[in-house]
file data36.cif (mmCIF, C-alpha atoms; chains and numbers go by the auth columns)
data_my_file
#
loop_
_atom_site.group_PDB
_atom_site.id
_atom_site.type_symbol
_atom_site.label_atom_id
_atom_site.label_comp_id
_atom_site.label_asym_id
_atom_site.label_seq_id
_atom_site.Cartn_x
_atom_site.Cartn_y
_atom_site.Cartn_z
_atom_site.B_iso_or_equiv
_atom_site.auth_seq_id
_atom_site.auth_asym_id
ATOM 1 C CA MET A 1 85.441 165.635 144.978 0.00 302 A
ATOM 2 C CA THR A 2 85.494 163.796 141.675 0.00 303 A
ATOM 3 C CA THR A 3 85.840 160.088 141.432 0.00 304 A
ATOM 4 C CA GLN A 4 87.869 158.376 138.806 0.00 305 A
ATOM 5 C CA ARG A 5 86.291 155.426 137.099 0.00 306 A
ATOM 6 C CA LEU A 6 88.923 152.889 136.295 0.00 307 A
ATOM 7 C CA PRO A 7 88.386 150.581 133.350 0.00 308 A
ATOM 8 C CA PHE A 8 87.938 146.884 133.831 0.00 309 A
ATOM 9 C CA PRO A 9 91.292 145.155 133.473 0.00 310 A
ATOM 10 C CA ILE A 10 92.352 144.307 129.986 0.00 311 A
ATOM 11 C CA PRO A 11 95.219 141.977 129.155 0.00 312 A
ATOM 12 C CA ASP A 12 98.601 143.620 128.877 0.00 313 A
ATOM 13 C CA GLU A 13 99.636 143.297 125.253 0.00 314 A
ATOM 14 C CA ARG A 14 102.888 141.647 126.354 0.00 315 A
ATOM 15 C CA ALA A 15 100.964 138.864 128.115 0.00 316 A
ATOM 16 C CA HIS A 16 100.394 137.165 124.800 0.00 317 A
ATOM 17 C CA LEU A 17 104.133 136.661 124.465 0.00 318 A
ATOM 18 C CA PHE A 18 103.898 133.891 127.059 0.00 319 A
ATOM 19 C CA VAL A 19 100.258 132.713 127.246 0.00 320 A
ATOM 20 C CA ASP A 20 97.178 132.736 125.026 0.00 321 A
ATOM 21 C CA SER A 21 94.601 133.528 127.721 0.00 322 A
ATOM 22 C CA TYR A 22 94.233 134.326 131.399 0.00 323 A
ATOM 23 C CA ALA A 23 93.239 130.714 132.015 0.00 324 A
ATOM 24 C CA ASP A 24 96.760 129.730 130.918 0.00 325 A
ATOM 25 C CA MET A 25 98.169 131.727 133.829 0.00 326 A
ATOM 26 C CA HIS A 26 96.892 129.050 136.174 0.00 327 A
ATOM 27 C CA GLY A 27 99.220 126.556 134.511 0.00 328 A
ATOM 28 C CA LEU A 28 102.197 128.841 135.151 0.00 329 A
ATOM 29 C CA VAL A 29 101.568 128.925 138.890 0.00 330 A
ATOM 30 C CA GLU A 30 99.831 125.633 139.644 0.00 331 A
ATOM 31 C CA ASP A 31 102.980 124.135 141.182 0.00 332 A
ATOM 32 C CA LEU A 32 103.370 127.082 143.548 0.00 333 A
ATOM 33 C CA VAL A 33 101.651 125.489 146.508 0.00 334 A
ATOM 34 C CA VAL A 34 102.112 127.252 149.816 0.00 335 A
ATOM 35 C CA PRO A 35 103.795 124.674 152.062 0.00 336 A
ATOM 36 C CA ALA A 36 101.902 123.511 155.115 0.00 337 A
ATOM 37 C CA GLY A 37 103.356 124.334 158.497 0.00 338 A
ATOM 38 C CA ILE A 38 105.174 127.535 157.580 0.00 339 A
ATOM 39 C CA PRO A 39 104.681 130.738 159.572 0.00 340 A
ATOM 40 C CA GLU A 40 101.407 132.441 158.675 0.00 341 A
ATOM 41 C CA ALA A 41 103.154 135.660 157.643 0.00 342 A
ATOM 42 C CA ALA A 42 105.354 133.770 155.156 0.00 343 A
ATOM 43 C CA ALA A 43 102.370 131.787 153.855 0.00 344 A
ATOM 44 C CA THR A 44 100.423 134.979 153.185 0.00 345 A
ATOM 45 C CA VAL A 45 103.361 136.584 151.403 0.00 346 A
ATOM 46 C CA LEU A 46 103.935 133.502 149.207 0.00 347 A
ATOM 47 C CA ALA A 47 100.242 133.311 148.298 0.00 348 A
ATOM 48 C CA THR A 48 100.360 136.989 147.344 0.00 349 A
ATOM 49 C CA ALA A 49 103.464 136.433 145.202 0.00 350 A
ATOM 50 C CA ARG A 50 101.683 133.604 143.384 0.00 351 A
ATOM 51 C CA GLU A 51 98.630 135.799 142.751 0.00 352 A
ATOM 52 C CA LEU A 52 100.798 138.646 141.519 0.00 353 A
ATOM 53 C CA LEU A 53 102.258 136.259 138.948 0.00 354 A
ATOM 54 C CA ARG A 54 98.771 135.295 137.794 0.00 355 A
ATOM 55 C CA GLN A 55 97.696 138.914 137.586 0.00 356 A
ATOM 56 C CA SER A 56 100.741 139.840 135.513 0.00 357 A
ATOM 57 C CA TYR A 57 98.493 138.857 132.617 0.00 358 A
ATOM 58 C CA TYR A 58 96.833 142.226 133.183 0.00 359 A
ATOM 59 C CA CYS A 59 99.788 144.173 134.560 0.00 360 A
ATOM 60 C CA TYR A 60 103.054 142.785 133.203 0.00 361 A
ATOM 61 C CA GLU A 61 105.130 144.497 135.906 0.00 362 A
ATOM 62 C CA PHE A 62 103.409 142.409 138.604 0.00 363 A
ATOM 63 C CA SER A 63 105.770 139.546 137.757 0.00 364 A
ATOM 64 C CA THR A 64 108.685 141.650 139.028 0.00 365 A
ATOM 65 C CA VAL A 65 106.732 142.560 142.148 0.00 366 A
ATOM 66 C CA ALA A 66 106.023 138.847 142.683 0.00 367 A
ATOM 67 C CA VAL A 67 109.747 138.077 142.788 0.00 368 A
ATOM 68 C CA MET A 68 110.411 140.867 145.266 0.00 369 A
ATOM 69 C CA HIS A 69 107.476 139.732 147.396 0.00 370 A
ATOM 70 C CA SER A 70 108.609 136.115 147.434 0.00 371 A
ATOM 71 C CA LEU A 71 111.954 137.229 148.871 0.00 372 A
ATOM 72 C CA ILE A 72 110.089 138.760 151.801 0.00 373 A
ATOM 73 C CA ALA A 73 108.763 135.308 152.675 0.00 374 A
ATOM 74 C CA VAL A 74 112.296 133.900 152.685 0.00 375 A
ATOM 75 C CA GLU A 75 113.456 136.729 154.928 0.00 376 A
ATOM 76 C CA ILE A 76 110.582 136.062 157.361 0.00 377 A
ATOM 77 C CA VAL A 77 111.603 132.419 157.658 0.00 378 A
ATOM 78 C CA LEU A 78 115.316 133.224 157.941 0.00 379 A
ATOM 79 C CA ARG A 79 114.562 135.595 160.824 0.00 380 A
ATOM 80 C CA ASP A 80 112.651 132.753 162.461 0.00 381 A
ATOM 81 C CA ARG A 81 115.446 130.188 161.954 0.00 382 A
ATOM 82 C CA ILE A 82 118.534 132.286 162.734 0.00 383 A
ATOM 83 C CA PRO A 83 119.226 132.854 166.417 0.00 384 A
ATOM 84 C CA ASP A 84 119.533 136.528 167.359 0.00 385 A
ATOM 85 C CA ALA A 85 118.410 137.657 163.888 0.00 386 A
ATOM 86 C CA GLY A 86 116.883 140.778 165.390 0.00 387 A
ATOM 87 C CA LYS A 87 116.956 143.628 162.909 0.00 388 A
ATOM 88 C CA LYS A 88 119.983 142.421 160.990 0.00 389 A
ATOM 89 C CA PRO A 89 119.826 143.355 157.307 0.00 390 A
ATOM 90 C CA LEU A 90 119.051 140.622 154.815 0.00 391 A
ATOM 91 C CA HIS A 91 122.625 140.364 153.520 0.00 392 A
ATOM 92 C CA GLN A 92 123.800 139.507 157.051 0.00 393 A
ATOM 93 C CA LEU A 93 121.025 136.947 157.461 0.00 394 A
ATOM 94 C CA ILE A 94 122.034 135.309 154.186 0.00 395 A
ATOM 95 C CA LYS A 95 125.702 135.266 155.182 0.00 396 A
ATOM 96 C CA GLN A 96 124.945 133.876 158.640 0.00 397 A
ATOM 97 C CA GLY A 97 122.465 131.344 157.227 0.00 398 A
ATOM 98 C CA ALA A 98 125.139 130.050 154.864 0.00 399 A
ATOM 99 C CA SER A 99 127.866 129.919 157.523 0.00 400 A
ATOM 100 C CA ASP A 100 125.528 128.162 159.988 0.00 401 A
ATOM 101 C CA GLY A 101 124.504 125.587 157.363 0.00 402 A
ATOM 102 C CA ILE A 102 120.889 126.755 157.298 0.00 403 A
ATOM 103 C CA LEU A 103 121.307 127.749 153.652 0.00 404 A
ATOM 104 C CA THR A 104 123.273 125.969 150.957 0.00 405 A
ATOM 105 C CA ALA A 105 125.844 127.969 149.013 0.00 406 A
ATOM 106 C CA ARG A 106 123.517 127.953 146.000 0.00 407 A
ATOM 107 C CA GLN A 107 120.552 129.190 148.039 0.00 408 A
ATOM 108 C CA ALA A 108 122.697 131.947 149.543 0.00 409 A
ATOM 109 C CA GLU A 109 123.860 132.985 146.073 0.00 410 A
ATOM 110 C CA TYR A 110 120.281 133.083 144.747 0.00 411 A
ATOM 111 C CA LEU A 111 119.098 135.099 147.742 0.00 412 A
ATOM 112 C CA ASP A 112 121.975 137.543 147.501 0.00 413 A
ATOM 113 C CA ASP A 113 121.250 138.128 143.802 0.00 414 A
ATOM 114 C CA GLY A 114 117.581 138.677 144.602 0.00 415 A
ATOM 115 C CA ARG A 115 118.493 140.994 147.461 0.00 416 A
ATOM 116 C CA LYS A 116 120.575 143.140 145.120 0.00 417 A
ATOM 117 C CA ILE A 117 117.697 143.436 142.650 0.00 418 A
ATOM 118 C CA ARG A 118 115.271 144.243 145.466 0.00 419 A
ATOM 119 C CA ASN A 119 117.595 146.848 146.971 0.00 420 A
ATOM 120 C CA GLY A 120 118.151 148.492 143.609 0.00 421 A
ATOM 121 C CA MET A 121 114.430 148.953 143.212 0.00 422 A
ATOM 122 C CA ALA A 122 113.737 149.913 146.835 0.00 423 A
ATOM 123 C CA HIS A 123 116.462 152.554 146.886 0.00 424 A
ATOM 124 C CA GLY A 124 115.728 154.054 143.479 0.00 425 A
ATOM 125 C CA GLN A 125 118.873 152.784 141.778 0.00 426 A
ATOM 126 C CA THR A 126 116.773 150.726 139.380 0.00 427 A
ATOM 127 C CA THR A 127 113.872 152.873 138.334 0.00 428 A
ATOM 128 C CA HIS A 128 112.062 150.453 136.074 0.00 429 A
ATOM 129 C CA ALA A 129 112.672 146.768 136.022 0.00 430 A
ATOM 130 C CA VAL A 130 110.426 144.480 134.080 0.00 431 A
ATOM 131 C CA MET A 131 110.965 140.805 134.606 0.00 432 A
ATOM 132 C CA PRO A 132 109.019 138.674 132.138 0.00 433 A
ATOM 133 C CA PRO A 133 106.874 135.999 133.801 0.00 434 A
ATOM 134 C CA ALA A 134 109.000 133.297 132.159 0.00 435 A
ATOM 135 C CA MET A 135 111.939 134.634 134.162 0.00 436 A
ATOM 136 C CA ALA A 136 109.945 135.440 137.315 0.00 437 A
ATOM 137 C CA VAL A 137 108.256 132.049 137.741 0.00 438 A
ATOM 138 C CA PRO A 138 111.511 130.113 138.356 0.00 439 A
ATOM 139 C CA MET A 139 112.687 132.766 140.813 0.00 440 A
ATOM 140 C CA VAL A 140 109.418 132.671 142.765 0.00 441 A
ATOM 141 C CA THR A 141 109.503 128.868 142.603 0.00 442 A
ATOM 142 C CA THR A 142 112.964 128.964 144.184 0.00 443 A
ATOM 143 C CA SER A 143 111.672 131.168 147.000 0.00 444 A
ATOM 144 C CA PHE A 144 108.820 128.698 147.595 0.00 445 A
ATOM 145 C CA ALA A 145 111.337 125.835 147.689 0.00 446 A
ATOM 146 C CA ILE A 146 113.719 127.607 150.067 0.00 447 A
ATOM 147 C CA VAL A 147 110.888 128.477 152.459 0.00 448 A
ATOM 148 C CA SER A 148 109.655 124.896 152.356 0.00 449 A
ATOM 149 C CA GLU A 149 113.140 123.495 152.973 0.00 450 A
ATOM 150 C CA LEU A 150 113.875 125.920 155.802 0.00 451 A
ATOM 151 C CA CYS A 151 110.607 125.086 157.530 0.00 452 A
ATOM 152 C CA THR A 152 110.990 121.315 157.242 0.00 453 A
ATOM 153 C CA ALA A 153 114.691 121.188 158.137 0.00 454 A
ATOM 154 C CA PRO A 154 115.523 120.320 161.727 0.00 455 A
ATOM 155 C CA THR A 155 116.309 123.331 163.881 0.00 456 A
#
call {"tool": "encode", "arguments": {"input": "data36.cif", "output": "structure tokens"}}
result
Amino acid sequence: MTTQRLPFPIPDERAHLFVDSYADMHGLVEDLVVPAGIPEAAATVLATARELLRQSYYCYEFSTVAVMHSLIAVEIVLRDRIPDAGKKPLHQLIKQGASDGILTARQAEYLDDGRKIRNGMAHGQTTHAVMPPAMAVPMVTTSFAIVSELCTAPT
């Protein structure tokens, strides 16, 4: 069996379109603080999404993965907040969350747009989607905000 020696990470050449150095990546994500008191599974997923954004300095495509991952955290919390969520698909959770007043119309719209992007990638309809970090950061920030709001709102 041969082993492959992978090189140490080098910055993706596209990274310099949005930051000068890896240290600057910290500034992009410093406001993405995992809210206290959220379910552990959602907290772990949000922390991973934040780290994927930081690491997009080395692998540009990680910013797209970060957005998809942050939506998982929202789905975890929706399943926790919506009675009888069971195995309902995300689009039904979004619709029910909006009709029950758990989600605002704007949050539901954002989540449905994100769901469509995620589904396109998961089901092979979108074979290669690159979302620049400048576009990904606000989307991940919105997921952080929705999770925080859902977990602090009265049940």
call {"tool": "residues_around", "arguments": {"input": "data36.cif", "residues": "Lys417 (chain A)", "least_positions_apart": "5", "cutoff": "12 Å", "atoms": "all atoms listed in the file", "output": "list in words"}}
result
Met369, Leu372, Leu391, His392, Glu410, Tyr411, Leu412, Met422, Ala423, His424, Gln426 and Thr427 of chain A
call {"tool": "resolve_selection", "arguments": {"input": "data36.cif", "expression": "the PyMOL selection byres ((chain A and resi 329) around 12)", "output": "ChimeraX atom specification"}}
result
/A:319-328,330-334,351-358,364,434-439,441-442
call {"tool": "atom_distance", "arguments": {"input": "data36.cif", "atom1": "CA of Ser371 (chain A)", "atom2": "CA of Pro433 (chain A)"}}
result
15.5 Å
call {"tool": "atom_distance", "arguments": {"input": "data36.cif", "atom1": "CA of Ile403 (chain A)", "atom2": "CA of Leu451 (chain A)"}}
result
7.2 Å
call {"tool": "resolve_selection", "arguments": {"input": "data36.cif", "expression": "the PyMOL selection byres ((chain A and resi 446) around 10)", "output": "ChimeraX atom specification"}}
result
/A:333-336,375,408,440-445,447-452
